[in-house]
>>> print(open('protein17.txt').read())   # compact mmCIF, C-alpha atoms
# COMPACT_ATOMS: atom_id res chain seq x y z
CA MET X 1 -5.00 82.53 206.15
CA PRO X 2 -1.96 84.15 204.47
CA ALA X 3 -1.86 87.95 204.34
CA THR X 4 -2.76 90.01 201.29
CA LEU X 5 -0.17 92.27 199.69
CA LEU X 6 -0.98 95.64 198.13
CA PHE X 7 1.24 98.26 196.53
CA SER X 8 1.08 100.98 193.90
CA ASP X 9 3.04 103.69 192.11
CA VAL X 10 6.17 101.70 191.39
CA HIS X 11 6.65 103.90 188.30
CA LEU X 12 8.94 101.37 186.62
CA SER X 13 11.10 103.03 184.07
CA PRO X 14 14.18 101.90 182.15
CA ALA X 15 15.91 104.86 183.84
CA ARG X 16 15.40 103.40 187.36
CA PRO X 17 16.78 99.84 187.40
CA ALA X 18 17.19 99.73 191.19
CA ILE X 19 13.43 100.08 191.69
CA GLN X 20 12.94 97.16 189.33
CA ASP X 21 15.37 94.98 191.32
CA ILE X 22 13.45 95.64 194.54
CA LEU X 23 10.16 94.75 192.85
CA ILE X 24 11.57 91.51 191.42
CA ASP X 25 12.90 90.62 194.87
CA LEU X 26 9.43 91.11 196.29
CA LEU X 27 7.66 89.17 193.51
CA GLN X 28 10.12 86.29 193.79
CA GLY X 29 10.24 86.51 197.57
CA ASP X 30 7.58 87.38 200.11
CA ALA X 31 4.83 87.86 197.49
CA ARG X 32 4.87 84.09 196.95
CA ARG X 33 3.40 83.67 200.42
CA ALA X 34 0.57 86.16 199.85
CA ALA X 35 -3.08 85.14 199.57
CA ALA X 36 -3.27 87.61 196.68
CA VAL X 37 -1.40 90.63 195.32
CA TYR X 38 -3.11 93.90 194.36
CA ILE X 39 -1.25 96.50 192.31
CA LEU X 40 -3.22 99.75 192.49
CA GLY X 41 -1.99 101.58 189.41
CA ASP X 42 1.08 103.23 187.93
CA LEU X 43 3.16 100.07 187.95
CA PHE X 44 4.81 101.64 184.89
CA GLU X 45 5.96 105.21 184.35
CA TYR X 46 4.32 105.07 180.92
CA TRP X 47 2.49 102.56 178.73
CA VAL X 48 1.76 103.19 175.07
CA GLY X 49 0.31 99.82 174.14
CA ASP X 50 0.70 96.11 174.92
CA ASP X 51 2.53 95.74 171.59
CA MET X 52 5.25 98.22 172.63
CA VAL X 53 6.78 96.71 175.79
CA PRO X 54 10.26 98.13 176.46
CA PRO X 55 12.71 95.20 176.79
CA GLU X 56 13.77 96.54 180.21
CA PHE X 57 10.32 95.64 181.59
CA MET X 58 10.55 91.98 180.58
CA PRO X 59 12.11 90.67 183.84
CA VAL X 60 9.27 92.22 185.89
CA LEU X 61 6.63 90.85 183.52
CA ASP X 62 8.27 87.41 183.74
CA ALA X 63 8.30 87.64 187.54
CA ILE X 64 4.58 88.56 187.60
CA ARG X 65 3.79 85.64 185.30
CA ALA X 66 5.82 83.25 187.48
CA LEU X 67 4.01 84.50 190.60
CA SER X 68 0.53 84.08 189.10
CA ALA X 69 1.53 80.69 187.66
CA SER X 70 2.58 79.59 191.16
CA GLY X 71 -1.03 80.11 192.29
CA VAL X 72 -0.95 83.62 193.79
CA PRO X 73 -3.69 85.71 192.12
CA VAL X 74 -2.32 89.07 190.91
CA PHE X 75 -4.79 91.93 190.39
CA LEU X 76 -3.95 95.14 188.58
CA GLN X 77 -5.72 98.46 188.49
CA HIS X 78 -4.83 101.13 185.94
CA GLY X 79 -3.06 104.29 187.06
CA ASN X 80 -2.96 107.70 185.47
CA ARG X 81 0.22 106.72 183.61
CA ASP X 82 -0.35 103.12 182.57
CA PHE X 83 -4.11 103.25 181.83
CA LEU X 84 -3.49 101.75 178.36
CA ILE X 85 -2.45 98.36 179.77
CA GLY X 86 -4.79 95.99 177.98
CA ALA X 87 -6.13 92.45 177.90
CA ALA X 88 -3.13 91.20 175.88
CA LEU X 89 -0.66 92.04 178.65
CA ALA X 90 -3.05 90.71 181.29
CA ARG X 91 -3.28 87.35 179.47
CA ARG X 92 0.46 87.19 179.00
CA CYS X 93 1.23 87.76 182.69
CA GLY X 94 -1.78 86.01 184.24
CA LEU X 95 -2.93 89.39 185.60
CA GLN X 96 -6.55 90.09 186.43
CA LEU X 97 -7.54 93.66 185.53
CA LEU X 98 -9.70 95.40 188.13
CA PRO X 99 -12.08 98.27 187.44
CA ASP X 100 -11.45 101.57 189.23
CA PRO X 101 -12.99 101.82 191.79
CA ALA X 102 -13.38 98.15 192.79
CA LEU X 103 -15.02 96.64 195.87
CA VAL X 104 -13.32 93.56 197.34
CA THR X 105 -13.57 91.65 200.61
CA LEU X 106 -10.19 91.26 202.31
CA HIS X 107 -9.95 89.28 205.56
CA GLY X 108 -13.57 90.03 206.44
CA ARG X 109 -13.45 93.75 205.56
CA ARG X 110 -15.26 95.45 202.73
CA VAL X 111 -12.52 97.40 200.97
CA VAL X 112 -12.71 99.87 198.09
CA LEU X 113 -9.62 99.90 195.92
CA THR X 114 -8.85 102.84 193.65
CA HIS X 115 -5.73 104.26 192.08
CA GLY X 116 -6.59 107.58 193.68
CA ASP X 117 -6.57 110.15 190.88
CA LEU X 118 -10.40 110.07 190.72
CA LEU X 119 -10.47 111.39 194.29
CA CYS X 120 -8.33 114.46 193.59
CA THR X 121 -11.49 116.36 192.75
CA ALA X 122 -10.03 119.78 193.54
CA ASP X 123 -7.76 119.44 190.50
CA VAL X 124 -10.43 120.39 187.97
CA ALA X 125 -8.01 120.66 185.03
CA TYR X 126 -6.67 117.16 185.67
CA GLN X 127 -10.18 115.66 185.96
CA ARG X 128 -11.03 117.20 182.57
CA TYR X 129 -7.85 115.69 181.06
CA ARG X 130 -8.65 112.33 182.71
CA ARG X 131 -12.11 112.20 181.09
CA VAL X 132 -10.48 112.72 177.67
CA VAL X 133 -7.74 110.09 177.99
CA HIS X 134 -10.16 107.53 179.46
CA ASN X 135 -12.49 107.91 176.47
CA ARG X 136 -12.53 104.40 174.93
CA PRO X 137 -12.94 105.35 171.23
CA LEU X 138 -10.11 107.86 171.63
CA GLN X 139 -7.92 105.20 173.26
CA ARG X 140 -8.61 102.78 170.39
CA LEU X 141 -7.71 105.50 167.91
CA PHE X 142 -4.44 106.18 169.75
CA LEU X 143 -3.53 102.48 169.89
CA ALA X 144 -4.10 102.21 166.12
CA LEU X 145 -1.47 104.88 165.45
CA PRO X 146 2.03 103.86 164.27
CA ARG X 147 4.44 103.15 167.13
CA ALA X 148 6.62 106.20 166.48
CA ALA X 149 3.59 108.49 166.62
CA ARG X 150 2.42 106.95 169.90
CA SER X 151 5.85 107.40 171.47
CA ARG X 152 5.94 111.05 170.37
CA ILE X 153 2.47 111.83 171.71
CA ALA X 154 3.19 110.05 175.02
CA ALA X 155 6.48 111.92 175.49
CA GLY X 156 4.66 115.20 174.84
CA LEU X 157 1.94 114.34 177.37
CA ARG X 158 4.53 113.40 180.01
CA ALA X 159 6.38 116.68 179.53
CA ARG X 160 3.14 118.65 179.78
CA THR X 161 2.08 116.73 182.92
CA GLN X 162 5.40 117.53 184.55
CA GLN X 163 4.96 121.23 183.79
CA ALA X 164 1.37 121.22 185.02
CA VAL X 165 2.29 119.46 188.28
CA GLN X 166 5.11 121.91 189.00
CA GLY X 167 2.71 124.84 188.82
CA LYS X 168 0.09 123.34 191.13
CA PRO X 169 -0.28 123.78 194.89
CA ALA X 170 0.26 120.46 196.73
CA ALA X 171 -3.16 120.57 198.40
CA ILE X 172 -5.18 120.26 195.21
CA MET X 173 -3.16 117.20 194.16
CA ASP X 174 -4.16 115.33 197.32
CA VAL X 175 -7.25 113.21 197.85
CA ASP X 176 -10.36 115.19 198.77
CA PRO X 177 -11.56 113.75 202.13
CA VAL X 178 -15.19 114.44 201.20
CA ALA X 179 -14.83 112.48 197.95
CA ALA X 180 -13.13 109.65 199.88
CA THR X 181 -15.95 109.39 202.42
CA ALA X 182 -18.57 109.61 199.67
CA LEU X 183 -16.93 106.70 197.83
CA LEU X 184 -16.96 104.54 200.99
CA ASP X 185 -20.63 105.45 201.56
CA ARG X 186 -21.50 104.51 197.99
CA PHE X 187 -20.03 101.02 198.44
CA GLY X 188 -20.95 100.61 202.11
CA ALA X 189 -17.29 99.79 202.73
CA ASP X 190 -14.95 99.93 205.76
CA TRP X 191 -11.64 100.86 204.19
CA LEU X 192 -10.49 102.82 201.18
CA ILE X 193 -7.06 101.93 199.82
CA HIS X 194 -5.37 103.98 197.12
CA GLY X 195 -2.06 105.25 195.80
CA HIS X 196 -1.34 108.12 193.41
CA THR X 197 -0.55 110.93 195.87
CA HIS X 198 2.83 109.51 197.01
CA ARG X 199 1.87 110.43 200.59
CA PRO X 200 1.92 107.16 202.56
CA ALA X 201 -0.38 107.30 205.59
CA ILE X 202 -3.28 105.61 207.32
CA HIS X 203 -6.04 108.18 207.93
CA ARG X 204 -8.93 107.60 210.33
CA LEU X 205 -12.17 108.86 208.81
CA ASP X 206 -14.26 108.44 211.97
CA SER X 207 -13.58 109.26 215.60
CA THR X 208 -14.13 105.66 216.75
CA ASP X 209 -11.22 103.24 217.09
CA ASN X 210 -12.78 100.65 214.85
CA GLY X 211 -13.97 103.18 212.30
CA ARG X 212 -13.37 103.61 208.62
CA LEU X 213 -9.87 104.07 207.24
CA ARG X 214 -8.35 105.73 204.21
CA ILE X 215 -5.03 104.04 203.48
CA ASP X 216 -2.64 105.84 201.14
CA LEU X 217 -0.02 103.35 199.94
CA GLY X 218 2.66 105.85 198.93
CA ASP X 219 5.20 105.39 196.16
CA TRP X 220 8.36 103.31 195.64
CA HIS X 221 11.05 105.89 195.95
CA PRO X 222 13.72 105.46 197.25
CA GLU X 223 12.59 102.07 198.62
CA GLY X 224 9.80 99.66 197.88
CA ARG X 225 6.71 100.33 199.96
CA GLY X 226 3.45 98.53 200.41
CA LEU X 227 0.87 97.14 202.75
CA TRP X 228 0.11 93.72 204.15
CA ILE X 229 -3.41 93.05 205.38
CA ASP X 230 -4.34 90.15 207.62
CA GLU X 231 -7.06 89.42 210.19
CA GLU X 232 -5.42 91.88 212.60
CA GLY X 233 -5.56 94.79 210.17
CA PRO X 234 -3.22 96.75 207.89
CA HIS X 235 0.57 96.67 208.31
CA ALA X 236 2.73 99.12 206.37
CA ALA X 237 5.84 97.52 204.90
CA ILE X 238 9.09 98.64 203.32
CA PHE X 239 10.87 96.45 200.78
CA PRO X 240 14.59 97.22 200.56
CA ALA X 241 16.88 95.29 198.20
CA ILE X 242 17.79 92.60 200.71
CA PRO X 243 19.33 89.24 199.97
CA GLY X 244 17.41 86.04 200.41
CA PRO X 245 16.03 83.14 198.48
CA MET S 1 48.49 37.74 202.88
CA ARG S 2 45.40 38.36 200.73
CA ARG S 3 43.40 39.00 203.86
CA LEU S 4 45.98 41.52 205.08
CA GLY S 5 45.77 43.34 201.71
CA MET S 6 42.01 43.60 202.02
CA LEU S 7 42.35 44.82 205.59
CA SER S 8 44.78 47.56 204.57
CA MET S 9 42.42 48.60 201.75
CA LEU S 10 39.59 48.75 204.26
CA LEU S 11 41.76 50.85 206.57
CA MET S 12 42.57 53.21 203.71
CA LEU S 13 38.87 53.61 202.93
CA LEU S 14 38.10 54.26 206.58
CA SER S 15 40.82 56.87 206.83
CA HIS S 16 39.20 58.78 203.90
CA PRO S 17 35.61 59.12 205.05
CA ALA S 18 34.98 61.93 202.58
CA ALA S 19 35.73 59.64 199.64
CA ALA S 20 32.06 58.88 199.03
CA GLU S 21 30.83 62.43 199.65
CA PRO S 22 29.93 65.02 197.02
CA GLY S 23 32.82 67.35 197.71
CA ALA S 24 35.55 64.78 197.37
CA GLY S 25 37.93 65.00 194.47
CA GLY S 26 40.90 63.34 196.06
CA THR S 27 41.03 65.88 198.89
CA ALA S 28 38.70 65.69 201.86
CA ALA S 29 35.78 68.10 201.67
CA PRO S 30 36.05 70.83 204.31
CA ARG S 31 33.63 70.87 207.20
CA VAL S 32 32.57 73.83 209.32
CA ARG S 33 31.01 73.79 212.76
CA LEU S 34 28.44 76.50 213.52
CA GLU S 35 28.04 76.91 217.28
CA THR S 36 24.71 78.64 217.86
CA THR S 37 22.78 79.70 220.92
CA MET S 38 20.39 76.83 220.12
CA GLY S 39 22.97 74.10 219.49
CA THR S 40 25.69 72.89 217.12
CA ILE S 41 25.30 72.53 213.34
CA ASP S 42 28.04 70.81 211.29
CA VAL S 43 28.13 71.43 207.56
CA LEU S 44 30.06 69.65 204.83
CA LEU S 45 31.07 71.84 201.88
CA TYR S 46 31.11 70.95 198.16
CA PRO S 47 34.40 72.38 196.79
CA ASP S 48 34.03 70.36 193.56
CA ARG S 49 30.56 71.64 192.76
CA ALA S 50 30.90 75.26 193.93
CA PRO S 51 34.62 76.05 194.32
CA GLU S 52 34.34 79.86 194.39
CA THR S 53 31.40 79.76 196.79
CA VAL S 54 33.20 77.39 199.16
CA LYS S 55 36.35 79.55 199.03
CA ASN S 56 34.24 82.64 199.78
CA PHE S 57 32.39 80.96 202.68
CA LEU S 58 35.68 79.72 204.20
CA ALA S 59 37.20 83.20 203.90
CA TYR S 60 34.37 84.54 206.10
CA VAL S 61 34.77 81.57 208.48
CA ASP S 62 38.55 81.97 208.78
CA ALA S 63 38.22 85.73 209.38
CA GLY S 64 35.73 85.07 212.21
CA ALA S 65 33.25 87.19 210.27
CA TYR S 66 30.28 84.92 211.02
CA ASP S 67 30.91 84.99 214.78
CA GLY S 68 28.15 87.03 216.39
CA THR S 69 25.88 87.01 213.33
CA VAL S 70 22.30 85.75 213.62
CA PHE S 71 19.73 83.73 211.73
CA HIS S 72 17.72 86.86 210.96
CA ARG S 73 15.14 85.38 208.59
CA VAL S 74 13.37 82.23 209.71
CA ILE S 75 10.44 80.79 207.79
CA PRO S 76 9.22 77.34 208.84
CA GLY S 77 8.52 75.06 205.89
CA PHE S 78 10.99 77.05 203.78
CA MET S 79 14.44 77.97 205.09
CA ILE S 80 16.50 79.71 207.78
CA GLN S 81 18.84 82.49 206.63
CA GLY S 82 21.74 84.14 208.38
CA GLY S 83 25.36 85.19 208.34
CA GLY S 84 24.91 88.85 207.45
CA MET S 85 23.39 90.71 210.39
CA ASP S 86 24.24 90.99 214.06
CA ALA S 87 21.80 90.66 216.95
CA GLN S 88 20.99 94.39 216.66
CA MET S 89 20.03 93.73 213.01
CA SER S 90 22.91 95.86 211.70
CA GLU S 91 24.46 94.59 208.53
CA ARG S 92 28.05 93.33 208.79
CA PRO S 93 30.57 94.51 206.19
CA THR S 94 31.05 92.00 203.37
CA ARG S 95 33.57 90.95 200.76
CA ALA S 96 32.87 91.53 197.05
CA PRO S 97 29.90 89.65 195.53
CA ILE S 98 30.68 86.28 193.98
CA THR S 99 29.75 84.46 190.79
CA ASN S 100 26.60 82.37 191.12
CA GLU S 101 27.67 78.71 190.87
CA ALA S 102 24.15 77.26 191.00
CA ARG S 103 23.81 74.16 188.84
CA ALA S 104 20.94 71.93 187.88
CA ASP S 105 22.56 68.80 189.34
CA THR S 106 22.96 70.37 192.80
CA PRO S 107 19.36 71.05 193.85
CA ASN S 108 18.08 72.91 196.91
CA ARG S 109 17.15 69.76 198.84
CA ALA S 110 16.18 69.73 202.51
CA GLY S 111 19.30 70.18 204.62
CA THR S 112 21.44 71.79 201.92
CA LEU S 113 23.33 75.04 202.42
CA ALA S 114 23.00 77.74 199.74
CA MET S 115 23.93 81.38 199.21
CA ALA S 116 21.35 84.16 199.69
CA ARG S 117 21.35 86.95 197.12
CA THR S 118 19.25 89.83 195.77
CA SER S 119 17.42 89.50 192.44
CA ALA S 120 20.74 90.04 190.65
CA PRO S 121 22.02 86.47 190.09
CA HIS S 122 25.67 87.23 190.94
CA SER S 123 25.11 89.29 194.09
CA ALA S 124 25.79 86.82 196.94
CA THR S 125 28.25 87.98 199.59
CA ALA S 126 28.11 86.58 203.14
CA GLN S 127 24.51 85.55 203.81
CA PHE S 128 23.59 81.90 203.41
CA PHE S 129 20.53 79.80 204.12
CA ILE S 130 19.69 76.23 205.03
CA ASN S 131 16.79 74.67 203.13
CA LEU S 132 14.22 73.11 205.50
CA VAL S 133 12.43 71.26 202.70
CA ASP S 134 13.08 70.47 199.03
CA ASN S 135 12.75 73.97 197.51
CA GLY S 136 12.68 73.01 193.84
CA PHE S 137 11.78 76.53 192.71
CA LEU S 138 15.19 77.75 193.92
CA ASN S 139 17.06 75.41 191.55
CA HIS S 140 19.11 76.44 188.55
CA THR S 141 17.11 75.98 185.34
CA ALA S 142 18.64 78.49 182.90
CA PRO S 143 21.41 81.12 182.80
CA SER S 144 18.79 83.94 182.96
CA PRO S 145 17.78 86.26 185.81
CA GLN S 146 14.63 84.14 186.31
CA GLY S 147 16.26 80.74 186.01
CA PHE S 148 19.62 81.19 187.67
CA GLY S 149 18.57 79.81 190.99
CA TYR S 150 20.45 79.76 194.28
CA ALA S 151 23.92 78.20 194.58
CA VAL S 152 23.98 75.14 196.83
CA PHE S 153 27.49 74.65 198.24
CA GLY S 154 27.16 72.25 201.14
CA GLU S 155 24.88 70.27 203.42
CA VAL S 156 24.16 69.80 207.09
CA VAL S 157 25.76 66.55 208.23
CA SER S 158 24.92 66.88 211.91
CA GLY S 159 22.56 69.15 213.84
CA MET S 160 19.55 69.13 211.52
CA ASP S 161 17.49 68.82 214.72
CA VAL S 162 18.98 72.18 215.78
CA VAL S 163 18.10 73.68 212.37
CA ASN S 164 14.52 72.46 212.70
CA LYS S 165 14.34 73.83 216.25
CA ILE S 166 15.50 77.25 215.02
CA ALA S 167 12.80 77.10 212.32
CA GLN S 168 10.14 76.95 215.06
CA VAL S 169 11.13 80.08 217.03
CA PRO S 170 8.53 82.89 217.20
CA THR S 171 9.22 85.61 214.62
CA GLY S 172 7.98 89.11 213.80
CA SER S 173 8.80 92.22 211.80
CA ARG S 174 11.78 94.32 212.75
CA GLY S 175 12.44 97.52 210.82
CA MET S 176 12.53 96.62 207.16
CA HIS S 177 12.75 92.90 207.87
CA GLN S 178 10.04 90.32 208.28
CA ASP S 179 10.32 86.84 209.83
CA VAL S 180 12.97 87.97 212.34
CA PRO S 181 13.24 85.75 215.45
CA LYS S 182 11.89 87.59 218.50
CA THR S 183 14.85 86.22 220.51
CA ALA S 184 18.08 86.40 218.50
CA VAL S 185 19.47 83.05 217.34
CA VAL S 186 23.20 83.84 217.35
CA ILE S 187 26.03 81.99 215.58
CA THR S 188 28.54 82.34 218.41
CA SER S 189 31.37 80.84 216.34
CA ALA S 190 31.99 79.30 212.92
CA ARG S 191 35.19 77.22 212.65
CA ARG S 192 36.68 74.61 210.33
CA ILE S 193 36.70 71.13 211.78
CA THR S 194 38.64 68.11 210.61
CA PRO S 195 36.59 64.99 210.12
>>> encode(input="protein17.txt", output="structure tokens")
Amino acid sequence: MPATLLFSDVHLSPARPAIQDILIDLLQGDARRAAAVYILGDLFEYWVGDDMVPPEFMPVLDAIRALSASGVPVFLQHGNRDFLIGAALARRCGLQLLPDPALVTLHGRRVVLTHGDLLCTADVAYQRYRRVVHNRPLQRLFLALPRAARSRIAAGLRARTQQAVQGKPAAIMDVDPVAATALLDRFGADWLIHGHTHRPAIHRLDSTDNGRLRIDLGDWHPEGRGLWIDEEGPHAAIFPAIPGP
Amino acid sequence: MRRLGMLSMLLMLLSHPAAAEPGAGGTAAPRVRLETTMGTIDVLLYPDRAPETVKNFLAYVDAGAYDGTVFHRVIPGFMIQGGGMDAQMSERPTRAPITNEARADTPNRAGTLAMARTSAPHSATAQFFINLVDNGFLNHTAPSPQGFGYAVFGEVVSGMDVVNKIAQVPTGSRGMHQDVPKTAVVITSARRITP
């Protein structure tokens, strides 16, 4: 059976075209041989509505649509930056939106997929903010605002996030191991896979060799980064801008 | 006398074997012999269909730049790619990228030779690939980043058995690269040959 590809935190932005080229290479290249592709949040640096797609993102959206049309299922989870991606974009690109957290079976393993921000429980201020921005009526209200107003509010939120992050100790912005284990217990799962922290690593949660794992996918800077899973287990991968068909 | 005329015409045709081939426009299409550690592959180039690409490929050939490079990406049922890395998987220096000359009437059929590139359509330099099957999704469909396709500029005329043998070698990941042959398949020399 072909391997499954997972990645997260690409943070596509019109200001970082090189990152976009690497992603398109992957979507047009090795991703075509995947059993399925899972994008675990923050594909985009910001998202203020499916009706306000920056033209710079079109080549990536076209590449995702071409991949799903070729028969490779593409699943997307929301991140803390692109949580307003909606059904309209999903339909347009042939994406399947996943809840967060989501339980899937990959190559015989029960795997919990989550963007990761839910597990940063030590960051109390962020969790409070998250509850507000994930409030559905509030989201609908925001999406009904004129485009200019949405852009202004989003820019303000990004600036405030940047300030807040700069003032925070690194430890509280990492995943809480207790929350990670509790999530695996809740789903009776073997592996937890997430992004968000930009700290790529495979953590063993038990002392046994065949025990539970917490896999942090890491981000896409300066190179593309992701994970292949097959019957043998997880394999970390780096995706540089390399030529090929 | 009439018979002699026909004979001389026949002789003329025989002395221009490239006349019926895609690259011929009065001049014989160039051929290049790739000597590899797994056998010899002869390719015929298409100067009429992809003039810049053929010129670029021959510049690397004539400089000896392909000697010692490997087929570093081998995917059975798809293609074998090489011409850019040495056996240690270090990238060779390249010339400037060339214009993508992919065209709808020169498809990526099994046995054709085409230029590798990044997602930028006009980014090909030295690396090329040989299609193992008809890879229709690599064809030129539109002058857009999605539809540009991959420029076919030649075909294997002898040694397709060698190509298919290379396609079957065991592969694995090496550094950033996947599908790398576990034992290097080296292009020991690439030279022009006269038909």
>>> interface_residues(input="protein17.txt", of="chain X", to="chain S", cutoff="7 Å", atoms="all atoms listed in the file", output="PyMOL selection string")
chain X and resi 21+24-25+238-245
>>> closest_residue(input="protein17.txt", among="S:Gly147, S:Pro121, S:Gly77, S:Pro107", to="Val133 (chain S)", atoms="only C-alpha atoms")
S:Gly77
>>> residues_around(input="protein17.txt", residues="region 2-5 of chain X", least_positions_apart="6", cutoff="8 Å", atoms="all atoms listed in the file", output="list of chain:residue names")
X:Ala31, X:Arg33, X:Ala34, X:Ala35, X:Ala36, X:Val37, X:Tyr38, X:Leu106, X:Gly226, X:Leu227, X:Trp228, X:Ile229, X:Asp230, X:Glu231
>>> atom_distance(input="protein17.txt", atom1="CA of Gly154 (chain S)", atom2="CA of Thr37 (chain S)")
21.6 Å
>>> closest_residue(input="protein17.txt", among="X:Arg158, X:Arg199, X:His221, X:Arg214", to="Val10 (chain X)", atoms="only C-alpha atoms")
X:His221
>>> atom_distance(input="protein17.txt", atom1="CA of Ala190 (chain S)", atom2="CA of Arg174 (chain S)")
25.2 Å
>>> closest_residue(input="protein17.txt", among="X:His78, X:Arg109, X:Arg65, X:His11", to="Pro234 (chain X)", atoms="all atoms listed in the file")
X:Arg109
>>> atom_distance(input="protein17.txt", atom1="CA of Gly211 (chain X)", atom2="CA of Asp185 (chain X)")
12.8 Å
>>> axis_aligned_box(input="protein17.txt", around="region 193-207 of chain X", padding_each_side="3 Å", output="AutoDock Vina command-line options")
--center_x -5.7 --center_y 106.4 --center_z 204.5 --size_x 23.1 --size_y 15.0 --size_z 28.2
>>> closest_residue(input="protein17.txt", among="S:Pro51, S:Gly68, S:Pro30, S:Pro143", to="Thr194 (chain S)", atoms="all atoms listed in the file")
S:Pro30
>>> closest_residue(input="protein17.txt", among="S:Ser158, S:Thr112, S:Asn100, S:Thr40", to="Glu52 (chain S)", atoms="all atoms listed in the file")
S:Asn100
>>> closest_residue(input="protein17.txt", among="X:Ala180, X:Ala159, X:Leu98, X:Leu27", to="Leu192 (chain X)", atoms="all atoms listed in the file")
X:Ala180
>>> decode(input="protein17.txt", residues="region 89-101 of chain X", atoms="N, CA and C atoms", output="PDB file, in the first residue's frame")
ATOM      1  N   LEU X  89     -14.284  26.717   0.014  1.00  0.00           N
ATOM      2  CA  LEU X  89     -12.919  26.427  -0.456  1.00  0.00           C
ATOM      3  C   LEU X  89     -12.720  24.915  -0.571  1.00  0.00           C
ATOM      4  N   ALA X  90     -13.257  24.186   0.415  1.00  0.00           N
ATOM      5  CA  ALA X  90     -13.111  22.727   0.408  1.00  0.00           C
ATOM      6  C   ALA X  90     -13.710  22.145  -0.872  1.00  0.00           C
ATOM      7  N   ARG X  91     -14.907  22.622  -1.235  1.00  0.00           N
ATOM      8  CA  ARG X  91     -15.560  22.134  -2.467  1.00  0.00           C
ATOM      9  C   ARG X  91     -14.710  22.463  -3.688  1.00  0.00           C
ATOM     10  N   ARG X  92     -14.211  23.695  -3.696  1.00  0.00           N
ATOM     11  CA  ARG X  92     -13.467  24.160  -4.863  1.00  0.00           C
ATOM     12  C   ARG X  92     -12.190  23.345  -5.088  1.00  0.00           C
ATOM     13  N   CYS X  93     -11.550  22.919  -4.005  1.00  0.00           N
ATOM     14  CA  CYS X  93     -10.262  22.227  -4.131  1.00  0.00           C
ATOM     15  C   CYS X  93     -10.380  20.719  -3.945  1.00  0.00           C
ATOM     16  N   GLY X  94     -11.598  20.219  -3.721  1.00  0.00           N
ATOM     17  CA  GLY X  94     -11.742  18.783  -3.457  1.00  0.00           C
ATOM     18  C   GLY X  94     -11.131  18.375  -2.136  1.00  0.00           C
ATOM     19  N   LEU X  95     -11.064  19.337  -1.183  1.00  0.00           N
ATOM     20  CA  LEU X  95     -10.509  19.062   0.149  1.00  0.00           C
ATOM     21  C   LEU X  95     -11.592  18.458   1.036  1.00  0.00           C
ATOM     22  N   GLN X  96     -11.166  17.600   1.965  1.00  0.00           N
ATOM     23  CA  GLN X  96     -12.103  17.114   2.968  1.00  0.00           C
ATOM     24  C   GLN X  96     -11.686  17.715   4.302  1.00  0.00           C
ATOM     25  N   LEU X  97     -12.576  18.509   4.912  1.00  0.00           N
ATOM     26  CA  LEU X  97     -12.248  19.167   6.186  1.00  0.00           C
ATOM     27  C   LEU X  97     -12.365  18.158   7.318  1.00  0.00           C
ATOM     28  N   LEU X  98     -11.358  18.134   8.181  1.00  0.00           N
ATOM     29  CA  LEU X  98     -11.347  17.221   9.327  1.00  0.00           C
ATOM     30  C   LEU X  98     -11.631  18.010  10.595  1.00  0.00           C
ATOM     31  N   PRO X  99     -12.350  17.408  11.551  1.00  0.00           N
ATOM     32  CA  PRO X  99     -12.485  18.086  12.847  1.00  0.00           C
ATOM     33  C   PRO X  99     -11.146  18.057  13.587  1.00  0.00           C
ATOM     34  N   ASP X 100     -11.026  18.847  14.621  1.00  0.00           N
ATOM     35  CA  ASP X 100      -9.805  18.871  15.436  1.00  0.00           C
ATOM     36  C   ASP X 100     -10.212  18.666  16.898  1.00  0.00           C
ATOM     37  N   PRO X 101      -9.811  17.571  17.545  1.00  0.00           N
ATOM     38  CA  PRO X 101      -8.998  16.465  17.033  1.00  0.00           C
ATOM     39  C   PRO X 101      -9.814  15.501  16.168  1.00  0.00           C
TER      40      PRO X 101
END
